[in-house]
$ cat model36.txt   # compact mmCIF, C-alpha atoms
# COMPACT_ATOMS: atom_id res chain seq x y z
CA MET A 24 -1.55 -3.14 -51.85
CA GLU A 25 -5.20 -2.75 -50.79
CA GLU A 26 -5.16 0.88 -51.96
CA GLN A 27 -3.74 -0.18 -55.34
CA ILE A 28 -6.42 -2.81 -55.75
CA GLN A 29 -9.19 -0.30 -55.02
CA LYS A 30 -7.66 2.12 -57.52
CA TYR A 31 -7.61 -0.55 -60.21
CA LEU A 32 -11.20 -1.59 -59.43
CA SER A 33 -12.34 2.00 -60.01
CA GLU A 34 -10.42 2.10 -63.29
CA ILE A 35 -11.94 -1.16 -64.44
CA GLU A 36 -15.48 -0.05 -63.57
CA ALA A 37 -15.07 3.17 -65.58
CA PHE A 38 -13.57 1.46 -68.65
CA THR A 39 -15.54 1.34 -71.92
CA ALA A 40 -14.24 0.14 -75.28
CA THR A 41 -15.26 1.46 -78.69
CA SER A 42 -13.15 -0.97 -80.72
CA ALA A 43 -11.58 -4.38 -80.58
CA ALA A 44 -8.13 -2.70 -80.41
CA GLU A 45 -9.06 -0.83 -77.22
CA LEU A 46 -10.41 -4.03 -75.72
CA GLU A 47 -7.19 -5.90 -76.50
CA SER A 48 -5.11 -3.08 -75.00
CA PHE A 49 -7.16 -3.31 -71.79
CA ARG A 50 -6.65 -7.07 -71.66
CA ILE A 51 -2.90 -6.78 -72.08
CA GLN A 52 -2.75 -4.04 -69.40
CA PHE A 53 -4.28 -6.26 -66.77
CA LEU A 54 -3.81 -9.87 -67.91
CA GLY A 55 -0.72 -9.67 -70.10
CA LYS A 56 2.61 -11.27 -69.17
CA LYS A 57 3.85 -7.94 -67.82
CA GLY A 58 0.39 -6.78 -66.77
CA VAL A 59 -1.08 -5.54 -63.52
CA MET A 60 -2.29 -8.90 -62.24
CA ASN A 61 1.06 -10.66 -62.61
CA ALA A 62 2.82 -7.76 -60.89
CA LEU A 63 0.39 -7.82 -57.97
CA PHE A 64 0.64 -11.58 -57.55
CA ALA A 65 4.45 -11.27 -57.60
CA SER A 66 4.27 -8.73 -54.75
CA PHE A 67 1.95 -10.96 -52.74
CA LYS A 68 4.96 -12.63 -51.06
CA ASP A 69 5.76 -9.33 -49.30
CA VAL A 70 2.34 -9.08 -47.64
CA ALA A 71 2.33 -9.63 -43.88
CA PRO A 72 1.09 -13.14 -42.95
CA GLU A 73 -1.86 -11.80 -40.97
CA ASN A 74 -3.07 -9.84 -44.05
CA ARG A 75 -2.57 -12.49 -46.70
CA LYS A 76 -6.08 -13.98 -46.52
CA ALA A 77 -7.83 -10.64 -47.07
CA THR A 78 -5.32 -9.54 -49.70
CA GLY A 79 -5.60 -12.84 -51.58
CA GLN A 80 -9.40 -12.53 -51.69
CA ALA A 81 -9.06 -8.96 -52.96
CA LEU A 82 -6.65 -10.05 -55.71
CA ASN A 83 -9.01 -12.78 -56.85
CA GLY A 84 -11.89 -10.30 -56.85
CA LEU A 85 -9.83 -7.93 -59.00
CA LYS A 86 -9.06 -10.65 -61.54
CA THR A 87 -12.73 -11.61 -61.71
CA ALA A 88 -13.69 -7.97 -62.27
CA VAL A 89 -11.23 -7.75 -65.18
CA GLU A 90 -12.59 -10.90 -66.82
CA ASN A 91 -16.22 -9.80 -66.40
CA LYS A 92 -15.45 -6.37 -67.87
CA LEU A 93 -13.69 -7.96 -70.86
CA GLU A 94 -16.70 -10.18 -71.60
CA GLU A 95 -19.16 -7.30 -71.16
CA GLN A 96 -17.25 -4.95 -73.43
CA ARG A 97 -16.59 -7.67 -76.02
CA LEU A 98 -20.36 -8.12 -76.46
CA GLN A 99 -20.84 -4.35 -76.70
CA VAL A 100 -18.18 -4.04 -79.39
CA GLU A 101 -19.70 -6.92 -81.41
CA LEU A 102 -23.19 -5.43 -81.19
CA ALA A 103 -21.90 -2.04 -82.30
CA SER A 104 -20.03 -3.53 -85.27
CA ASN A 105 -23.18 -5.34 -86.43
CA ALA A 106 -25.57 -2.45 -85.91
CA ASP A 107 -25.38 -1.22 -89.51
CA GLY A 108 -25.24 -4.65 -91.21
CA PRO A 109 -27.08 -7.95 -91.22
CA SER A 110 -26.96 -9.77 -87.89
CA ASP A 111 -25.88 -13.39 -87.73
CA ASP A 112 -28.15 -16.04 -86.23
CA LEU A 113 -25.96 -17.34 -83.41
CA THR A 114 -28.26 -20.35 -82.96
CA LYS A 115 -27.40 -21.78 -86.38
CA THR A 116 -25.00 -24.71 -86.64
CA PRO A 117 -21.84 -23.98 -88.64
CA VAL A 118 -22.66 -26.82 -91.06
CA PRO A 119 -26.32 -27.56 -91.85
CA SER A 120 -27.37 -30.94 -90.40
CA PRO A 121 -29.31 -33.22 -92.75
CA LEU A 122 -32.85 -34.03 -91.73
CA GLY A 123 -33.37 -37.51 -90.36
CA SER A 124 -36.02 -39.96 -91.49
CA ARG A 125 -38.15 -42.73 -90.07
CA HIS A 126 -36.60 -46.17 -89.83
CA PRO A 127 -38.01 -48.55 -92.46
CA ILE A 128 -39.18 -50.92 -89.70
CA SER A 129 -41.22 -48.16 -88.02
CA THR A 130 -42.67 -47.15 -91.37
CA THR A 131 -43.62 -50.74 -92.21
CA ILE A 132 -45.26 -51.34 -88.82
CA ASP A 133 -47.36 -48.20 -89.18
CA GLU A 134 -48.37 -49.18 -92.70
CA VAL A 135 -49.43 -52.67 -91.61
CA ILE A 136 -51.39 -51.27 -88.65
CA GLY A 137 -53.13 -48.78 -90.92
CA ILE A 138 -54.21 -51.51 -93.36
CA PHE A 139 -55.90 -53.55 -90.63
CA GLN A 140 -57.34 -50.59 -88.74
CA ARG A 141 -59.19 -49.58 -91.91
CA ILE A 142 -61.05 -52.91 -91.83
CA GLY A 143 -61.99 -52.76 -88.16
CA PHE A 144 -59.02 -54.14 -86.20
CA VAL A 145 -58.03 -52.30 -83.01
CA LEU A 146 -54.58 -51.99 -81.47
CA SER A 147 -53.55 -54.05 -78.41
CA GLU A 148 -50.07 -54.15 -76.85
CA GLY A 149 -48.39 -56.06 -74.01
CA PRO A 150 -45.09 -56.57 -72.13
CA GLU A 151 -41.90 -57.85 -73.74
CA ILE A 152 -41.04 -59.92 -70.65
CA GLU A 153 -43.68 -62.62 -70.30
CA ASP A 154 -44.55 -65.47 -67.95
CA ASP A 155 -44.82 -69.10 -69.00
CA TRP A 156 -48.63 -69.13 -69.04
CA HIS A 157 -49.12 -66.28 -71.49
CA ASN A 158 -46.17 -67.13 -73.73
CA PHE A 159 -46.58 -70.92 -73.85
CA THR A 160 -49.12 -72.83 -71.77
CA ALA A 161 -52.26 -70.87 -72.67
CA LEU A 162 -51.30 -71.24 -76.34
CA ASN A 163 -51.52 -75.04 -76.18
CA LEU A 164 -47.82 -75.43 -75.36
CA PRO A 165 -47.76 -77.11 -71.94
CA GLU A 166 -44.48 -77.83 -70.18
CA ASP A 167 -42.34 -80.47 -71.95
CA HIS A 168 -44.41 -80.12 -75.13
CA PRO A 169 -42.02 -80.91 -78.03
CA ALA A 170 -43.28 -77.90 -80.01
CA ARG A 171 -41.53 -75.61 -77.52
CA ASP A 172 -38.33 -76.54 -79.28
CA MET A 173 -39.62 -74.59 -82.31
CA GLN A 174 -38.85 -71.39 -80.42
CA ASP A 175 -35.42 -71.17 -78.80
CA THR A 176 -36.18 -68.95 -75.84
CA PHE A 177 -34.25 -66.34 -73.83
CA PHE A 178 -35.17 -67.15 -70.21
CA ILE A 179 -34.65 -64.73 -67.31
CA ASN A 180 -32.02 -66.12 -64.93
CA ILE A 181 -33.51 -64.67 -61.74
CA ASN A 182 -36.92 -66.16 -62.56
CA PRO A 183 -36.98 -69.15 -64.93
CA ASP A 184 -40.77 -68.83 -65.20
CA HIS A 185 -40.26 -65.58 -67.12
CA MET A 186 -38.70 -64.98 -70.52
CA LEU A 187 -38.38 -62.54 -73.39
CA ARG A 188 -41.53 -63.18 -75.39
CA THR A 189 -41.06 -65.32 -78.47
CA HIS A 190 -44.15 -63.94 -80.22
CA THR A 191 -46.82 -61.31 -79.68
CA SER A 192 -49.44 -64.06 -79.39
CA SER A 193 -49.04 -63.51 -75.65
CA VAL A 194 -50.78 -60.16 -76.12
CA GLN A 195 -53.73 -61.97 -77.70
CA VAL A 196 -53.99 -64.27 -74.66
CA ARG A 197 -54.04 -61.30 -72.31
CA TYR A 198 -56.73 -59.61 -74.39
CA MET A 199 -58.94 -62.72 -74.60
CA GLU A 200 -58.71 -63.17 -70.82
CA GLY A 201 -60.31 -59.77 -70.33
CA HIS A 202 -62.73 -59.58 -73.27
CA GLN A 203 -65.48 -61.68 -74.80
CA PRO A 204 -66.09 -61.91 -78.58
CA PRO A 205 -66.41 -60.32 -80.99
CA ILE A 206 -62.64 -59.67 -80.87
CA ARG A 207 -60.69 -58.11 -83.70
CA ILE A 208 -57.20 -56.95 -82.65
CA ILE A 209 -53.67 -56.48 -83.97
CA SER A 210 -50.64 -56.68 -81.67
CA PRO A 211 -47.35 -55.13 -82.88
CA GLY A 212 -44.06 -55.43 -81.04
CA ARG A 213 -40.54 -56.81 -80.71
CA VAL A 214 -39.98 -60.50 -80.12
CA PHE A 215 -36.87 -62.48 -79.24
CA ARG A 216 -35.63 -65.94 -80.20
CA ASN A 217 -32.23 -67.49 -79.59
CA GLU A 218 -31.52 -68.13 -83.26
CA ALA A 219 -28.43 -67.92 -85.43
CA ILE A 220 -28.18 -64.54 -87.14
CA SER A 221 -28.01 -64.67 -90.93
CA ALA A 222 -29.19 -62.72 -93.97
CA ARG A 223 -32.68 -64.22 -93.50
CA SER A 224 -33.14 -64.41 -89.73
CA HIS A 225 -32.27 -62.56 -86.53
CA CYS A 226 -32.52 -63.13 -82.77
CA MET A 227 -34.58 -59.94 -82.36
CA PHE A 228 -37.28 -58.94 -84.80
CA HIS A 229 -40.77 -57.44 -85.00
CA GLN A 230 -44.20 -58.92 -85.52
CA VAL A 231 -47.72 -57.66 -86.03
CA GLU A 232 -50.10 -60.41 -84.96
CA GLY A 233 -53.81 -60.35 -85.68
CA LEU A 234 -56.75 -62.11 -84.06
CA TYR A 235 -60.40 -62.27 -85.12
CA ILE A 236 -62.94 -64.23 -83.05
CA ASP A 237 -66.69 -64.21 -83.57
CA ARG A 238 -69.52 -66.56 -84.46
CA LYS A 239 -69.06 -68.59 -87.66
CA VAL A 240 -65.59 -67.28 -88.58
CA SER A 241 -64.13 -69.52 -91.30
CA PHE A 242 -60.82 -70.30 -92.98
CA ALA A 243 -62.15 -68.53 -96.08
CA ASP A 244 -62.57 -65.33 -94.01
CA MET A 245 -58.90 -65.54 -93.07
CA VAL A 246 -57.77 -66.06 -96.67
CA GLN A 247 -59.76 -63.06 -97.87
CA THR A 248 -58.34 -60.90 -95.06
CA LEU A 249 -54.76 -61.87 -95.87
CA ARG A 250 -55.31 -61.40 -99.60
CA HIS A 251 -56.58 -57.89 -98.86
CA PHE A 252 -53.48 -57.21 -96.75
CA ALA A 253 -51.11 -58.38 -99.52
CA ARG A 254 -52.78 -56.21 -102.15
CA GLU A 255 -52.74 -53.15 -99.90
CA MET A 256 -49.14 -53.72 -98.80
CA PHE A 257 -47.43 -54.94 -101.96
CA GLY A 258 -49.73 -53.72 -104.73
CA THR A 259 -52.73 -55.11 -106.58
CA ASP A 260 -50.50 -57.36 -108.71
CA ALA A 261 -48.85 -59.03 -105.68
CA LYS A 262 -48.73 -62.83 -105.89
CA ILE A 263 -49.27 -64.85 -102.72
CA ARG A 264 -49.50 -68.52 -101.86
CA LEU A 265 -50.56 -70.46 -98.76
CA ARG A 266 -48.68 -73.59 -97.70
CA PRO A 267 -49.88 -76.09 -95.06
CA SER A 268 -47.91 -75.77 -91.84
CA TYR A 269 -48.07 -76.54 -88.13
CA PHE A 270 -48.50 -74.24 -85.13
CA PRO A 271 -49.60 -75.57 -81.71
CA PHE A 272 -52.15 -72.78 -81.24
CA THR A 273 -53.91 -73.00 -84.63
CA GLU A 274 -55.50 -75.86 -86.57
CA PRO A 275 -55.48 -75.98 -89.53
CA SER A 276 -52.36 -73.82 -89.99
CA ALA A 277 -50.62 -72.29 -92.98
CA GLU A 278 -47.75 -70.04 -93.99
CA MET A 279 -48.13 -67.28 -96.54
CA ASP A 280 -45.43 -66.45 -99.09
CA VAL A 281 -45.18 -63.39 -101.31
CA TYR A 282 -43.46 -63.60 -104.67
CA TRP A 283 -40.06 -61.87 -104.54
CA GLY A 284 -38.65 -62.71 -107.96
CA LEU A 285 -35.62 -64.46 -109.44
CA LYS A 286 -33.67 -61.82 -111.31
CA THR A 287 -30.45 -61.47 -109.31
CA GLU A 288 -28.11 -63.53 -107.18
CA ALA A 289 -29.58 -61.82 -104.09
CA ASP A 290 -33.05 -63.00 -105.18
CA TYR A 291 -31.86 -66.60 -105.28
CA ARG A 292 -30.18 -66.26 -101.87
CA MET A 293 -33.18 -64.66 -100.17
CA THR A 294 -35.75 -67.09 -101.59
CA LYS A 295 -33.54 -70.19 -101.62
CA GLY A 296 -34.03 -70.37 -105.35
CA THR A 297 -37.85 -70.49 -105.22
CA GLY A 298 -38.67 -66.84 -105.89
CA TRP A 299 -41.03 -66.84 -102.87
CA LEU A 300 -40.46 -65.21 -99.45
CA GLU A 301 -42.38 -66.28 -96.34
CA VAL A 302 -43.92 -63.23 -94.60
CA LEU A 303 -46.47 -64.66 -92.14
CA GLY A 304 -47.95 -67.69 -90.41
CA CYS A 305 -51.68 -68.12 -89.85
CA GLY A 306 -54.47 -70.55 -88.99
CA MET A 307 -57.75 -71.15 -87.20
CA VAL A 308 -57.45 -70.70 -83.43
CA ASP A 309 -57.30 -74.06 -81.67
CA PRO A 310 -60.42 -74.66 -79.51
CA ARG A 311 -58.20 -75.47 -76.54
CA VAL A 312 -56.66 -72.00 -76.71
CA LEU A 313 -60.14 -70.46 -76.59
CA GLU A 314 -60.98 -72.61 -73.56
CA ASN A 315 -57.77 -71.58 -71.78
CA CYS A 316 -58.78 -67.95 -72.22
CA GLY A 317 -62.37 -68.38 -71.05
CA ILE A 318 -64.09 -68.36 -74.48
CA ASP A 319 -66.59 -71.08 -75.43
CA PRO A 320 -65.32 -72.86 -78.60
CA GLU A 321 -68.80 -74.35 -79.15
CA ILE A 322 -70.10 -70.85 -79.87
CA TYR A 323 -67.11 -68.96 -81.24
CA SER A 324 -64.35 -69.60 -83.74
CA GLY A 325 -61.61 -67.42 -85.12
CA PHE A 326 -58.34 -67.05 -86.95
CA ALA A 327 -54.94 -65.64 -86.04
CA PHE A 328 -51.92 -64.56 -88.06
CA GLY A 329 -48.43 -63.28 -87.34
CA ILE A 330 -46.70 -61.00 -89.85
CA GLY A 331 -42.89 -60.78 -89.82
CA ILE A 332 -42.19 -57.06 -90.19
CA GLU A 333 -38.54 -57.44 -91.23
CA ARG A 334 -39.51 -59.91 -93.97
CA THR A 335 -42.32 -57.59 -95.10
CA ALA A 336 -39.96 -54.60 -95.23
CA MET A 337 -37.40 -56.65 -97.15
CA ARG A 338 -40.03 -57.50 -99.74
CA GLN A 339 -41.36 -53.95 -99.82
CA TYR A 340 -37.97 -52.26 -100.31
CA GLN A 341 -36.02 -55.16 -101.89
CA ILE A 342 -33.52 -55.31 -99.02
CA PRO A 343 -31.30 -58.40 -99.37
CA ASP A 344 -30.05 -58.76 -95.76
CA ILE A 345 -32.12 -58.61 -92.55
CA ARG A 346 -29.05 -57.57 -90.52
CA LEU A 347 -29.06 -54.14 -92.15
CA PHE A 348 -32.08 -53.15 -90.04
CA THR A 349 -30.14 -53.29 -86.76
CA GLU A 350 -26.61 -52.24 -87.78
CA ASN A 351 -27.44 -48.49 -87.86
CA ASP A 352 -25.25 -47.96 -90.91
CA LEU A 353 -25.95 -44.39 -92.10
CA ARG A 354 -25.23 -45.39 -95.69
CA PHE A 355 -28.19 -47.77 -95.47
CA LEU A 356 -30.53 -45.49 -93.49
CA GLN A 357 -29.95 -42.55 -95.84
CA ASN A 358 -31.75 -44.52 -98.54
CA PHE A 359 -35.00 -43.88 -96.64
CA GLN A 360 -34.81 -40.07 -96.36
CA SER A 361 -38.11 -39.72 -98.17
CA VAL A 362 -39.84 -42.66 -96.45
CA GLY A 363 -42.61 -41.75 -93.97
$ encode --input "model36.txt" --output "C-alpha cells"
Amino acid sequence: MEEQIQKYLSEIEAFTATSAAELESFRIQFLGKKGVMNALFASFKDVAPENRKATGQALNGLKTAVENKLEEQRLQVELASNADGPSDDLTKTPVPSPLGSRHPISTTIDEVIGIFQRIGFVLSEGPEIEDDWHNFTALNLPEDHPARDMQDTFFININPDHMLRTHTSSVQVRYMEGHQPPIRIISPGRVFRNEAISARSHCMFHQVEGLYIDRKVSFADMVQTLRHFAREMFGTDAKIRLRPSYFPFTEPSAEMDVYWGLKTEADYRMTKGTGWLEVLGCGMVDPRVLENCGIDPEIYSGFAFGIGIERTAMRQYQIPDIRLFTENDLRFLQNFQSVG
C-alpha cells in the first residue's frame, strides 16, 4: 500500500487543471464515493498491525495533499477565467450595508458643549461611581438631610459609602478642590437615579452641568448665559421662562423651561398641558458649598446649572418619549441618518 500511496502522491503533484470540468474529474477520482481514498481506507483493515500507524499517517497525508491541490487549482482556474474580463472585488459585502449615524444624544451633547466652549467654558469630567462626600456632603447635603430624598440613589452593595452618581455636580466639586477661581467649566456625563421609567423620565440619563465662579458674579450673569444657550440651541425665536425652585447647593435656585407647543396630543402629554418643557435647573452656588471646596465665599461668587440632555434632544427633535433613546430601535435611529 505504501508504494501505491507514493504513486498517487506523484500523480497529485503533477496534476494541473485548465477548466472546472478537469478539476471536478480530479476530485471525483480521489474523493468520490468510488474514488481512490475510499478504496485505500477500505483496504486498511488488511494492513499488518505493526504497520498500521505508519500507513494511517501516510493515508492522511495523501488526503491532505488531494485537498490542498484542489484548492490550489480551483484558485488558478478562477484567475484564468477572469483574466480577460472585469475582476470582482472579493472584499465587498453581497448586500450593501447602510451607513450608520451618530446617536441623537451624542449629537446633542456635542452641540451643547460647543455652545459653551465658544464663550469660554472648558471641559471637565469625572467618575460615574462616586463617594458620599463628592456626590452629597460637599454639595450641602449632609447625612440624614431630607433633601437627599429628592434623588433616589443606586448605592453599591459592597461599599455603602459609594454610589452611582446622581448628578455631574460631583465633577464640579472635584474641580473646585483642585483649582482656585476664576473657574468656568462644563461637565457632561451619564447620571443614575432610581426613578420610575415613563415617557418623561428615566433611571439613566445624561447631563451637562456648568459652573462659573469669579469675583462679582451675579444672578443676571446666569440669566444672560442661559438665554444665550437657548437661542443657540433652539433658535433665536426660542421662548424660555425661569421658575423659582429649590436645590440644596444653590440659593436662590430656579428651573428653566423652553416652550414646546400645544398642537398635538403628544404635546399635551409631554408638557402636562402647559406647552412648556423643563430642560435645566440652575442657581447661585451656596456659600457653604464654596467653603467645603476651599473657596472663600467672601471674595468669590458663582452660578451653576444642569442641563438635561434627553429633555433638550426631545425639544430639539420633537421626540415624544424619552424611552426611545435607550431602546435601540432601528426604526427610530434611522431618522437621524443625516444628523451629525
$ closest_residue --input "model36.txt" --among "A:Leu164, A:Val194, A:Leu234, A:Ile330" --to "Asp280 in chain A" --atoms "all atoms listed in the file"
A:Ile330
$ closest_residue --input "model36.txt" --among "A:Ser276, A:Ser33, A:Gln230, A:Thr39" --to "Ile128 in chain A" --atoms "only C-alpha atoms"
A:Gln230
$ residues_around --input "model36.txt" --residues "Gly143 in chain A" --least-positions-apart "6" --cutoff "12 Å" --atoms "only C-alpha atoms" --output "list in words"
Ile136, Gly137, Pro205, Ile206, Arg207, Ile208, Ile209, Gly233, Leu234, Tyr235 and Thr248 of chain A
$ residues_around --input "model36.txt" --residues "range 50-53 of chain A" --least-positions-apart "2" --cutoff "12 Å" --atoms "only C-alpha atoms" --output "number ranges by chain"
A: 28, 31-32, 34-35, 38, 40, 43-48, 55-64, 82, 85-94, 96-97
$ residues_around --input "model36.txt" --residues "Gly325 in chain A" --least-positions-apart "2" --cutoff "6 Å" --atoms "all atoms listed in the file" --output "PyMOL selection string"
chain A and resi 235-236+240+307-308
$ decode --input "model36.txt" --residues "range 146-164 of chain A" --atoms "N, CA and C atoms" --output "CSV table (one decimal), in the first residue's frame"
chain,number,residue,atom,x,y,z
A,146,LEU,N,-13.9,71.9,29.4
A,146,LEU,CA,-14.5,70.6,29.7
A,146,LEU,C,-13.8,70.0,30.9
A,147,SER,N,-14.6,69.4,31.8
A,147,SER,CA,-14.1,68.7,32.9
A,147,SER,C,-15.0,67.5,33.2
A,148,GLU,N,-14.4,66.3,33.3
A,148,GLU,CA,-15.1,65.0,33.5
A,148,GLU,C,-14.7,64.3,34.8
A,149,GLY,N,-15.5,63.4,35.2
A,149,GLY,CA,-15.2,62.6,36.5
A,149,GLY,C,-15.8,61.3,36.4
A,150,PRO,N,-15.6,60.5,37.5
A,150,PRO,CA,-16.1,59.1,37.6
A,150,PRO,C,-17.6,59.0,37.7
A,151,GLU,N,-18.2,57.9,37.2
A,151,GLU,CA,-19.6,57.6,37.4
A,151,GLU,C,-19.9,57.0,38.7
A,152,ILE,N,-19.0,56.3,39.3
A,152,ILE,CA,-19.2,55.8,40.7
A,152,ILE,C,-18.5,56.8,41.6
A,153,GLU,N,-19.3,57.4,42.5
A,153,GLU,CA,-18.8,58.4,43.4
A,153,GLU,C,-18.9,58.0,44.9
A,154,ASP,N,-18.2,58.8,45.7
A,154,ASP,CA,-18.3,58.6,47.2
A,154,ASP,C,-19.3,59.6,47.7
A,155,ASP,N,-19.7,59.4,49.0
A,155,ASP,CA,-20.7,60.3,49.6
A,155,ASP,C,-20.3,61.7,49.6
A,156,TRP,N,-19.0,62.0,49.9
A,156,TRP,CA,-18.6,63.4,50.0
A,156,TRP,C,-18.8,64.2,48.7
A,157,HIS,N,-18.3,63.6,47.6
A,157,HIS,CA,-18.4,64.4,46.4
A,157,HIS,C,-19.8,64.4,45.8
A,158,ASN,N,-20.6,63.4,46.1
A,158,ASN,CA,-22.0,63.3,45.5
A,158,ASN,C,-23.0,64.1,46.3
A,159,PHE,N,-22.8,64.1,47.7
A,159,PHE,CA,-23.8,64.7,48.6
A,159,PHE,C,-23.2,65.7,49.5
A,160,THR,N,-22.3,65.3,50.5
A,160,THR,CA,-22.0,66.1,51.6
A,160,THR,C,-21.4,67.4,51.2
A,161,ALA,N,-20.4,67.4,50.3
A,161,ALA,CA,-19.8,68.7,49.8
A,161,ALA,C,-20.8,69.6,49.2
A,162,LEU,N,-21.9,69.1,48.7
A,162,LEU,CA,-22.9,69.9,48.0
A,162,LEU,C,-24.0,70.3,48.9
A,163,ASN,N,-23.7,70.4,50.2
A,163,ASN,CA,-24.6,70.9,51.2
A,163,ASN,C,-25.8,69.9,51.5
A,164,LEU,N,-25.4,68.6,51.3
A,164,LEU,CA,-26.4,67.5,51.6
A,164,LEU,C,-25.8,66.6,52.6
